$ cat final17.txt   # compact mmCIF, C-alpha atoms (C1' of nucleotides)
# COMPACT_ATOMS: atom_id res chain seq x y z
CA MET P 1 0.00 0.00 0.00
CA GLY P 2 1.10 3.57 -0.33
CA LYS P 3 3.52 4.78 2.29
CA GLN P 4 1.10 7.63 2.97
CA SER P 5 0.10 5.60 6.01
CA MET P 6 3.49 4.86 7.58
CA ASP P 7 3.89 1.14 7.85
CA LEU P 8 0.46 0.65 9.26
CA MET P 9 -0.60 -1.72 6.56
CA ARG P 10 1.79 -4.43 7.70
CA GLY P 11 -0.32 -7.35 8.64
CA THR P 12 -3.56 -5.70 7.64
CA LEU P 13 -3.36 -6.43 3.93
CA ASP P 14 -4.32 -10.07 4.33
CA LEU P 15 -7.22 -9.09 6.55
CA LEU P 16 -8.43 -6.52 4.03
CA ILE P 17 -8.29 -9.01 1.19
CA LEU P 18 -10.06 -11.68 3.23
CA LYS P 19 -12.82 -9.28 4.15
CA ILE P 20 -13.28 -7.96 0.63
CA LEU P 21 -13.50 -11.52 -0.68
CA SER P 22 -16.07 -12.46 1.92
CA ALA P 23 -18.56 -10.61 -0.29
CA GLY P 24 -17.88 -13.00 -3.14
CA SER P 25 -15.09 -13.95 -5.53
CA LEU P 26 -13.23 -11.15 -7.26
CA HIS P 27 -10.11 -10.71 -9.35
CA GLY P 28 -7.00 -8.99 -8.06
CA TYR P 29 -7.37 -5.66 -9.79
CA GLU P 30 -10.94 -5.39 -8.56
CA ILE P 31 -9.90 -6.22 -4.99
CA SER P 32 -7.41 -3.38 -5.05
CA LYS P 33 -9.99 -1.00 -6.51
CA ARG P 34 -12.51 -1.83 -3.82
CA ILE P 35 -10.03 -1.31 -1.02
CA ARG P 36 -9.14 2.07 -2.47
CA GLU P 37 -12.77 3.05 -2.95
CA GLN P 38 -14.11 1.79 0.36
CA THR P 39 -11.36 3.54 2.29
CA GLU P 40 -11.74 6.71 0.24
CA ALA P 41 -8.16 6.31 -0.99
CA GLU P 42 -6.74 6.27 2.53
CA ILE P 43 -5.48 2.75 1.85
CA PHE P 44 -4.03 1.96 -1.54
CA VAL P 45 -2.53 -1.44 -2.29
CA GLU P 46 0.43 -1.38 -4.65
CA GLU P 47 0.39 -4.11 -7.27
CA GLY P 48 3.77 -5.30 -6.04
CA ALA P 49 2.14 -5.98 -2.70
CA LEU P 50 -1.20 -7.23 -3.95
CA TYR P 51 -0.22 -10.05 -6.25
CA PRO P 52 2.43 -11.59 -3.97
CA ALA P 53 -0.10 -11.42 -1.13
CA LEU P 54 -2.68 -13.26 -3.18
CA ARG P 55 -0.15 -15.98 -4.05
CA ARG P 56 0.90 -16.27 -0.43
CA MET P 57 -2.66 -16.62 0.74
CA GLU P 58 -3.41 -19.19 -1.92
CA GLU P 59 -0.35 -21.20 -0.87
CA ARG P 60 -1.67 -21.13 2.68
CA ASN P 61 -5.00 -22.38 1.37
CA TRP P 62 -6.92 -19.33 2.48
CA LEU P 63 -7.99 -18.77 -1.12
CA THR P 64 -8.58 -20.70 -4.30
CA SER P 65 -8.32 -19.19 -7.75
CA GLU P 66 -9.44 -19.78 -11.28
CA TRP P 67 -9.18 -17.93 -14.57
CA GLY P 68 -12.33 -16.46 -16.01
CA ILE P 69 -13.75 -13.53 -17.94
CA SER P 70 -14.46 -10.22 -16.25
CA SER P 71 -17.49 -8.05 -16.88
CA ASN P 72 -15.13 -6.03 -19.09
CA ASN P 73 -14.65 -9.08 -21.25
CA ARG P 74 -11.06 -9.58 -20.11
CA GLU P 75 -9.21 -12.66 -18.92
CA VAL P 76 -8.78 -12.36 -15.20
CA LYS P 77 -8.01 -14.58 -12.24
CA PHE P 78 -10.81 -14.85 -9.72
CA TYR P 79 -10.07 -15.51 -6.08
CA LEU P 80 -12.45 -17.28 -3.74
CA LEU P 81 -12.35 -17.53 0.03
CA SER P 82 -11.85 -21.08 1.31
CA SER P 83 -13.23 -22.36 4.60
CA GLU P 84 -9.78 -21.86 6.10
CA GLY P 85 -9.89 -18.34 4.71
CA LYS P 86 -13.16 -17.71 6.48
CA ARG P 87 -11.63 -18.98 9.69
CA GLN P 88 -8.65 -16.69 9.16
CA LEU P 89 -10.94 -13.75 8.54
CA LYS P 90 -12.69 -14.34 11.83
CA GLU P 91 -9.45 -14.77 13.74
CA GLN P 92 -7.61 -11.85 12.20
CA SER P 93 -10.61 -9.58 12.64
CA ALA P 94 -10.66 -10.35 16.34
CA GLN P 95 -6.90 -9.83 16.53
CA TRP P 96 -7.21 -6.46 14.82
CA ASP P 97 -9.96 -5.38 17.21
CA ARG P 98 -7.86 -6.39 20.19
CA TYR P 99 -4.89 -4.51 18.79
CA VAL P 100 -6.85 -1.34 18.19
CA ARG P 101 -8.22 -1.49 21.72
CA ALA P 102 -4.70 -1.98 23.07
CA MET P 103 -3.44 1.00 21.09
CA ASP P 104 -6.30 3.03 22.48
CA CYS P 105 -5.22 2.19 26.02
CA VAL P 106 -1.92 3.90 25.35
CA LEU P 107 -3.02 6.67 23.00
CA LYS P 108 -6.07 7.76 24.94
CA ALA P 109 -4.24 7.78 28.25
CA ALA P 110 -3.96 11.22 29.82
CA ARG P 111 -0.50 12.63 29.71
CA SER P 112 0.81 13.46 33.15
CA MET P 113 3.20 16.00 31.69
CA ALA P 114 3.35 18.39 28.80
CA MET B 1 6.61 -7.01 19.79
CA GLY B 2 5.26 -10.46 20.23
CA LYS B 3 4.00 -12.13 17.09
CA GLN B 4 0.76 -12.78 18.96
CA SER B 5 -0.57 -9.80 17.02
CA MET B 6 0.38 -10.75 13.46
CA ASP B 7 2.46 -7.99 12.00
CA LEU B 8 0.19 -5.29 13.26
CA MET B 9 2.89 -3.56 15.23
CA ARG B 10 4.79 -2.56 12.16
CA GLY B 11 4.63 1.15 12.08
CA THR B 12 2.94 1.48 15.44
CA LEU B 13 6.02 0.96 17.59
CA ASP B 14 7.31 4.47 17.00
CA LEU B 15 3.92 5.94 17.79
CA LEU B 16 3.66 3.94 21.01
CA ILE B 17 7.10 5.08 22.16
CA LEU B 18 6.38 8.71 21.27
CA LYS B 19 3.12 8.62 23.21
CA ILE B 20 4.64 6.93 26.25
CA LEU B 21 7.42 9.50 26.31
CA SER B 22 4.96 12.37 26.07
CA ALA B 23 4.33 11.76 29.78
CA GLY B 24 7.97 12.52 30.57
CA SER B 25 11.42 11.07 29.99
CA LEU B 26 11.90 7.37 30.63
CA HIS B 27 14.53 4.74 30.01
CA GLY B 28 14.10 1.95 27.50
CA TYR B 29 13.27 -0.88 29.81
CA GLU B 30 10.63 1.23 31.51
CA ILE B 31 9.10 2.21 28.16
CA SER B 32 8.69 -1.44 27.27
CA LYS B 33 7.20 -2.22 30.68
CA ARG B 34 4.65 0.55 30.38
CA ILE B 35 3.54 -0.54 26.92
CA ARG B 36 3.09 -4.07 28.23
CA GLU B 37 1.21 -2.91 31.29
CA GLN B 38 -0.99 -0.32 29.64
CA THR B 39 -2.06 -2.75 26.93
CA GLU B 40 -2.57 -5.56 29.43
CA ALA B 41 0.14 -7.57 27.70
CA GLU B 42 -1.63 -7.44 24.33
CA ILE B 43 1.38 -5.58 22.98
CA PHE B 44 4.82 -6.64 24.08
CA VAL B 45 7.90 -5.02 22.63
CA GLU B 46 10.87 -7.34 22.23
CA GLU B 47 14.20 -5.87 23.24
CA GLY B 48 15.52 -6.55 19.76
CA ALA B 49 12.84 -4.22 18.47
CA LEU B 50 12.90 -1.67 21.25
CA TYR B 51 16.53 -0.60 21.31
CA PRO B 52 16.98 -0.33 17.54
CA ALA B 53 13.78 1.71 17.44
CA LEU B 54 15.07 4.11 20.09
CA ARG B 55 18.33 4.56 18.18
CA ARG B 56 16.45 5.09 14.95
CA MET B 57 14.22 7.71 16.50
CA GLU B 58 17.15 9.47 18.08
CA GLU B 59 18.92 9.57 14.73
CA ARG B 60 15.82 11.19 13.27
CA ASN B 61 15.92 13.73 16.09
CA TRP B 62 12.58 12.72 17.52
CA LEU B 63 14.28 11.95 20.82
CA THR B 64 17.29 12.99 22.82
CA SER B 65 18.96 10.77 25.39
CA GLU B 66 21.25 10.96 28.36
CA TRP B 67 22.60 8.52 30.89
CA GLY B 68 21.34 8.79 34.43
CA ILE B 69 20.40 6.80 37.51
CA SER B 70 17.05 5.04 37.75
CA SER B 71 14.89 4.91 40.86
CA ASN B 72 16.38 1.43 41.26
CA ASN B 73 19.79 2.99 41.56
CA ARG B 74 20.94 1.64 38.21
CA GLU B 75 22.68 3.30 35.31
CA VAL B 76 20.11 3.78 32.60
CA LYS B 77 19.65 5.83 29.46
CA PHE B 78 16.78 8.27 29.60
CA TYR B 79 14.95 9.30 26.45
CA LEU B 80 13.24 12.64 26.05
CA LEU B 81 10.80 13.77 23.39
CA SER B 82 12.13 16.60 21.22
CA SER B 83 9.95 19.22 19.61
CA GLU B 84 10.20 17.27 16.37
CA GLY B 85 9.16 14.22 18.35
CA LYS B 86 6.08 16.03 19.57
CA ARG B 87 5.27 17.00 16.02
CA GLN B 88 5.70 13.39 14.95
CA LEU B 89 3.45 12.22 17.75
CA LYS B 90 0.70 14.53 16.62
CA GLU B 91 1.08 13.55 12.99
CA GLN B 92 1.35 9.82 13.54
CA SER B 93 -1.59 9.86 15.94
CA ALA B 94 -3.74 11.47 13.30
CA GLN B 95 -2.46 8.99 10.72
CA TRP B 96 -3.29 6.08 12.99
CA ASP B 97 -6.81 7.41 13.57
CA ARG B 98 -7.35 7.80 9.86
CA TYR B 99 -6.08 4.31 9.23
CA VAL B 100 -8.34 2.76 11.85
CA ARG B 101 -11.31 4.58 10.39
CA ALA B 102 -10.36 3.36 6.91
CA MET B 103 -10.09 -0.21 8.15
CA ASP B 104 -13.49 0.17 9.73
CA CYS B 105 -14.97 1.18 6.38
CA VAL B 106 -13.96 -2.19 5.01
CA LEU B 107 -14.39 -4.37 8.05
CA LYS B 108 -17.74 -3.02 9.15
CA ALA B 109 -19.20 -3.15 5.67
CA ALA B 110 -22.10 -5.55 5.29
CA ARG B 111 -21.24 -8.63 3.33
CA SER B 112 -23.47 -9.05 0.32
CA MET B 113 -22.81 -12.79 0.30
CA ALA B 114 -22.10 -15.53 2.76
C1' DT N 1 -5.43 4.33 -37.88
C1' DT N 2 -2.67 5.41 -34.24
C1' DC N 3 -2.20 7.02 -29.65
C1' DT N 4 -3.49 7.09 -24.97
C1' DT N 5 -5.67 5.42 -20.97
C1' DA N 6 -7.47 2.07 -18.00
C1' DT N 7 -7.45 -2.54 -17.17
C1' DA N 8 -4.95 -6.74 -15.73
C1' DC N 9 -1.38 -9.86 -14.72
C1' DC N 10 3.46 -10.70 -12.91
C1' DT N 11 8.35 -10.60 -10.89
C1' DA N 12 13.00 -9.04 -9.08
C1' DA N 13 15.96 -6.03 -6.38
C1' DA N 14 16.13 -3.25 -2.55
C1' DA N 15 14.83 -1.47 1.87
C1' DA N 16 12.74 -1.71 6.28
C1' DC N 17 11.63 -3.75 10.32
C1' DA N 18 10.57 -7.56 13.74
C1' DT N 19 11.98 -11.96 15.70
C1' DT N 20 15.24 -14.80 17.60
C1' DA N 21 19.28 -15.58 19.78
C1' DT N 22 22.91 -13.95 21.81
C1' DG N 23 26.12 -11.31 25.06
C1' DC N 24 27.30 -8.44 29.04
C1' DA N 25 26.55 -6.37 33.60
C1' DT N 26 24.50 -5.17 38.28
C1' DA N 27 21.11 -4.96 42.27
C1' DA N 28 18.35 -7.39 45.40
C1' DG N 29 16.60 -11.08 47.70
C1' DA N 30 16.52 -16.11 48.77
C1' DT L 1 26.12 -17.97 46.63
C1' DC L 2 22.51 -18.48 43.46
C1' DT L 3 18.69 -16.80 41.05
C1' DT L 4 15.76 -13.34 39.27
C1' DA L 5 14.70 -8.98 37.53
C1' DT L 6 16.64 -5.16 35.65
C1' DG L 7 19.03 -2.90 31.87
C1' DC L 8 21.75 -2.15 27.64
C1' DA L 9 23.07 -3.78 23.04
C1' DT L 10 23.97 -6.19 18.44
C1' DA L 11 23.95 -9.86 14.62
C1' DA L 12 21.66 -13.21 11.70
C1' DT L 13 17.50 -14.32 9.79
C1' DG L 14 12.92 -13.93 7.86
C1' DT L 15 8.95 -11.57 6.17
C1' DT L 16 6.79 -8.13 3.76
C1' DT L 17 6.55 -3.70 1.43
C1' DT L 18 8.27 -0.47 -1.90
C1' DT L 19 10.09 0.56 -6.13
C1' DA L 20 10.68 -0.36 -10.56
C1' DG L 21 10.32 -2.68 -14.05
C1' DG L 22 7.81 -6.00 -17.82
C1' DT L 23 3.83 -7.78 -20.82
C1' DA L 24 -0.72 -7.54 -22.94
C1' DT L 25 -5.57 -6.12 -24.37
C1' DA L 26 -9.93 -3.24 -24.73
C1' DA L 27 -11.90 1.14 -25.60
C1' DG L 28 -12.11 5.65 -26.88
C1' DA L 29 -9.91 9.85 -28.72
C1' DA L 30 -7.31 12.24 -32.16
$ encode --input "final17.txt" --output "structure tokens"
Amino acid sequence: MGKQSMDLMRGTLDLLILKILSAGSLHGYEISKRIREQTEAEIFVEEGALYPALRRMEERNWLTSEWGISSNNREVKFYLLSSEGKRQLKEQSAQWDRYVRAMDCVLKAARSMA
Amino acid sequence: MGKQSMDLMRGTLDLLILKILSAGSLHGYEISKRIREQTEAEIFVEEGALYPALRRMEERNWLTSEWGISSNNREVKFYLLSSEGKRQLKEQSAQWDRYVRAMDCVLKAARSMA
DNA sequence: TTCTTATACCTAAAAACATTATGCATAAGA
DNA sequence: TCTTATGCATAATGTTTTTAGGTATAAGAA
């Protein structure tokens, strides 16, 4: 993703992809477009990050893929969430929530000094 | 930090340290203890991550440091937020908030399919 | 028809950072 | 005296992102 957001995206890319795919199978380019759109461009996945991530997740059996034709009449590779992928989505979502809460504990703490 | 939280800590370590130090100068070991305590052990910074991070941040002039004596009567290195560090804290806090909101846009979206 | 843009896939080199595994040293209490 | 907690630090390794390329096609503009 763009470095506009520090390194925050580390570890969240998989979660984003899993979540986006939970709405149904999509091809890579479309996944990236949806992340950009749904986050109002706050999060932008570089292609060099996207495609390796998809391969990685497929290797780990979180996704399956097959070639098909897009609505644009182009050859594209569709990715589909596996049952393990659904499990991962659930687990990583919970982990993210816990992490955000933990960050809040520190960030929302009153400063005792200036 | 512990891998218990995926790779989520990437990019948040600096922010955590900056925030912790905004309460006043502390030494490294104490910084790590406070992060662990305040997050109820959800986030744990490994020493191999902590000390390089402190050096990095000092090089970037976000922190200054000086040797002193801890309340335990031990020689320790105290870190102090610089004005640039305060600026960074403000900026990275805002960035983190934006990122969390962006993640929410995706994660809280209704799934159109099972 | 040719040019440009958006779409769509992919990989390799480099950089950045965390984890893991060390090492060293001292204070305090058992 | 031994162990534990405190406290600093670095090196090797691994993972992932960024950057920077490469290829190809469909559609619309010039």
$ closest_atom_pairs --input "final17.txt" --of "chain B" --to "chain P" --cutoff "9 Å" --atoms "only C-alpha atoms" --output "Markdown table"
| residue | atom | partner | partner_atom | distance |
| --- | --- | --- | --- | --- |
| B:Gln4 | CA | P:Gln95 | CA | 8.6 |
| B:Ser5 | CA | P:Gln95 | CA | 6.3 |
| B:Met6 | CA | P:Gly11 | CA | 5.9 |
| B:Asp7 | CA | P:Gly11 | CA | 4.4 |
| B:Leu8 | CA | P:Gly11 | CA | 5.1 |
| B:Met9 | CA | P:Arg10 | CA | 7.7 |
| B:Arg10 | CA | P:Arg10 | CA | 5.7 |
| B:Gly11 | CA | P:Asp7 | CA | 4.3 |
| B:Thr12 | CA | P:Leu8 | CA | 6.7 |
| B:Leu15 | CA | P:Leu107 | CA | 8.7 |
| B:Leu16 | CA | P:Val106 | CA | 7.1 |
| B:Lys19 | CA | P:Leu107 | CA | 6.4 |
| B:Ile20 | CA | P:Val106 | CA | 7.3 |
| B:Ser22 | CA | P:Arg111 | CA | 6.6 |
| B:Ala23 | CA | P:Met113 | CA | 4.8 |
| B:Gly24 | CA | P:Met113 | CA | 6.0 |
| B:Arg34 | CA | P:Val106 | CA | 8.9 |
| B:Ile35 | CA | P:Val106 | CA | 7.2 |
| B:Gln38 | CA | P:Val106 | CA | 6.1 |
| B:Thr39 | CA | P:Ala102 | CA | 4.7 |
| B:Glu40 | CA | P:Ala102 | CA | 7.6 |
| B:Ala41 | CA | P:Ala102 | CA | 8.7 |
| B:Glu42 | CA | P:Ala102 | CA | 6.4 |
| B:Ile43 | CA | P:Ala102 | CA | 7.1 |
| B:Gln92 | CA | P:Met6 | CA | 8.0 |
| B:Ser93 | CA | P:Leu107 | CA | 7.9 |
| B:Gln95 | CA | P:Ser5 | CA | 6.3 |
| B:Trp96 | CA | P:Leu8 | CA | 7.6 |
| B:Arg98 | CA | P:Glu42 | CA | 7.5 |
| B:Tyr99 | CA | P:Glu42 | CA | 7.0 |
| B:Val100 | CA | P:Val100 | CA | 7.7 |
| B:Arg101 | CA | P:Thr39 | CA | 8.2 |
| B:Ala102 | CA | P:Thr39 | CA | 4.7 |
| B:Met103 | CA | P:Thr39 | CA | 7.1 |
| B:Asp104 | CA | P:Thr39 | CA | 8.4 |
| B:Cys105 | CA | P:Thr39 | CA | 5.9 |
| B:Val106 | CA | P:Gln38 | CA | 6.1 |
| B:Leu107 | CA | P:Lys19 | CA | 6.5 |
| B:Ala109 | CA | P:Gln38 | CA | 8.9 |
| B:Ala110 | CA | P:Ala23 | CA | 8.3 |
| B:Arg111 | CA | P:Ala23 | CA | 4.9 |
| B:Ser112 | CA | P:Ala23 | CA | 5.2 |
| B:Met113 | CA | P:Ala23 | CA | 4.8 |
| B:Ala114 | CA | P:Ala23 | CA | 6.8 |
$ atom_distance --input "final17.txt" --atom1 "atom C1' of DT1 of chain L" --atom2 "atom CA of Arg74 of chain B"
22.0 Å
$ residues_around --input "final17.txt" --residues "DA8 of chain N" --least-positions-apart "3" --cutoff "8 Å" --atoms "only C-alpha atoms (C1' of nucleotides)" --output "NGL selection string"
:P and (29 or 75-76)
$ atom_distance --input "final17.txt" --atom1 "atom CA of Met57 of chain B" --atom2 "atom CA of Lys33 of chain B"
18.7 Å
$ atom_distance --input "final17.txt" --atom1 "atom C1' of DA26 of chain L" --atom2 "atom CA of Gly48 of chain P"
23.3 Å
$ residues_around --input "final17.txt" --residues "DA30 of chain L" --least-positions-apart "4" --cutoff "10 Å" --atoms "only C-alpha atoms (C1' of nucleotides)" --output "CSV table (one decimal) with C-alpha atoms (C1' of nucleotides), in the frame of the given file"
chain,number,residue,atom,x,y,z
N,1,DT,C1',-5.4,4.3,-37.9
N,2,DT,C1',-2.7,5.4,-34.2
N,3,DC,C1',-2.2,7.0,-29.6
N,4,DT,C1',-3.5,7.1,-25.0
$ residues_around --input "final17.txt" --residues "segment 65-71 of chain P" --least-positions-apart "6" --cutoff "10 Å" --atoms "only C-alpha atoms (C1' of nucleotides)" --output "ChimeraX atom specification"
/P:25-27,30,54-55,58,77-82
$ closest_residue --input "final17.txt" --among "N:DT26, N:DT20, N:DT11, N:DT5" --to "chain P" --atoms "only C-alpha atoms (C1' of nucleotides)"
N:DT11
$ residues_near_point --input "final17.txt" --point "(-14.4, 0.7, -26.7)" --cutoff "12 Å" --atoms "all atoms listed in the file" --output "MDAnalysis selection string"
(chainID P and resid 72:73) or (chainID N and resid 5:6) or (chainID L and resid 25:29)
$ closest_atom_pairs --input "final17.txt" --of "chain L" --to "chain P" --cutoff "10 Å" --atoms "all atoms listed in the file" --output "tab-separated table"
residue	atom	partner	partner_atom	distance
L:DT16	C1'	P:Arg10	CA	7.4
L:DT17	C1'	P:Ala49	CA	6.5
L:DT18	C1'	P:Gly48	CA	7.8
L:DT19	C1'	P:Gly48	CA	8.6
L:DA20	C1'	P:Gly48	CA	9.6
L:DT25	C1'	P:Arg74	CA	7.8
L:DA26	C1'	P:Arg74	CA	7.9
$ interface_residues --input "final17.txt" --of "chain N" --to "chain B" --cutoff "12 Å" --atoms "only C-alpha atoms (C1' of nucleotides)" --output "PyMOL selection string"
chain N and resi 16-22+25-28
$ closest_residue --input "final17.txt" --among "B:Asn61, B:Asp14, B:Arg56, B:Phe44" --to "Leu89 of chain B" --atoms "all atoms listed in the file"
B:Asp14
$ residues_around --input "final17.txt" --residues "DC10 of chain N" --least-positions-apart "4" --cutoff "9 Å" --atoms "all atoms listed in the file" --output "PDB file with C-alpha atoms (C1' of nucleotides), in the coordinates of the input"
ATOM      1  CA  GLY P  48       3.770  -5.300  -6.040  1.00  0.00           C
ATOM      2  CA  TYR P  51      -0.220 -10.050  -6.250  1.00  0.00           C
TER       3      TYR P  51
ATOM      4  C1'  DG L  22       7.810  -6.000 -17.820  1.00  0.00           C
ATOM      5  C1'  DT L  23       3.830  -7.780 -20.820  1.00  0.00           C
TER       6       DT L  23
END
$ build_atoms --input "final17.txt" --residues "segment 7-21 of chain P" --atoms "N, CA and C atoms" --output "short mmCIF file (atom, residue, chain, number, x, y, z; two decimals), in the coordinates of the input"
data_model
loop_
_atom_site.label_atom_id
_atom_site.label_comp_id
_atom_site.auth_asym_id
_atom_site.auth_seq_id
_atom_site.Cartn_x
_atom_site.Cartn_y
_atom_site.Cartn_z
N ASP P 7 3.75 2.55 8.13
CA ASP P 7 3.89 1.14 7.85
C ASP P 7 2.68 0.40 8.38
N LEU P 8 1.64 1.17 8.57
CA LEU P 8 0.46 0.65 9.26
C LEU P 8 -0.12 -0.58 8.60
N MET P 9 0.07 -0.66 7.30
CA MET P 9 -0.60 -1.72 6.56
C MET P 9 0.00 -3.11 6.81
N ARG P 10 1.18 -3.13 7.41
CA ARG P 10 1.79 -4.43 7.70
C ARG P 10 0.83 -5.30 8.48
N GLY P 11 0.52 -6.43 7.91
CA GLY P 11 -0.32 -7.35 8.64
C GLY P 11 -1.80 -7.10 8.44
N THR P 12 -2.14 -5.96 7.85
CA THR P 12 -3.56 -5.70 7.64
C THR P 12 -3.99 -6.00 6.21
N LEU P 13 -3.03 -6.17 5.33
CA LEU P 13 -3.36 -6.43 3.93
C LEU P 13 -4.13 -7.73 3.78
N ASP P 14 -3.64 -8.78 4.42
CA ASP P 14 -4.32 -10.07 4.33
C ASP P 14 -5.76 -9.94 4.84
N LEU P 15 -5.89 -9.27 5.97
CA LEU P 15 -7.22 -9.09 6.55
C LEU P 15 -8.15 -8.34 5.60
N LEU P 16 -7.62 -7.29 4.98
CA LEU P 16 -8.43 -6.52 4.03
C LEU P 16 -8.89 -7.38 2.88
N ILE P 17 -7.97 -8.14 2.32
CA ILE P 17 -8.29 -9.01 1.19
C ILE P 17 -9.33 -10.06 1.59
N LEU P 18 -9.12 -10.67 2.75
CA LEU P 18 -10.06 -11.68 3.23
C LEU P 18 -11.46 -11.09 3.36
N LYS P 19 -11.51 -9.92 3.93
CA LYS P 19 -12.82 -9.28 4.15
C LYS P 19 -13.50 -8.93 2.83
N ILE P 20 -12.72 -8.33 1.93
CA ILE P 20 -13.28 -7.96 0.63
C ILE P 20 -13.81 -9.20 -0.10
N LEU P 21 -13.09 -10.29 0.01
CA LEU P 21 -13.50 -11.52 -0.68
C LEU P 21 -14.66 -12.22 0.01
#
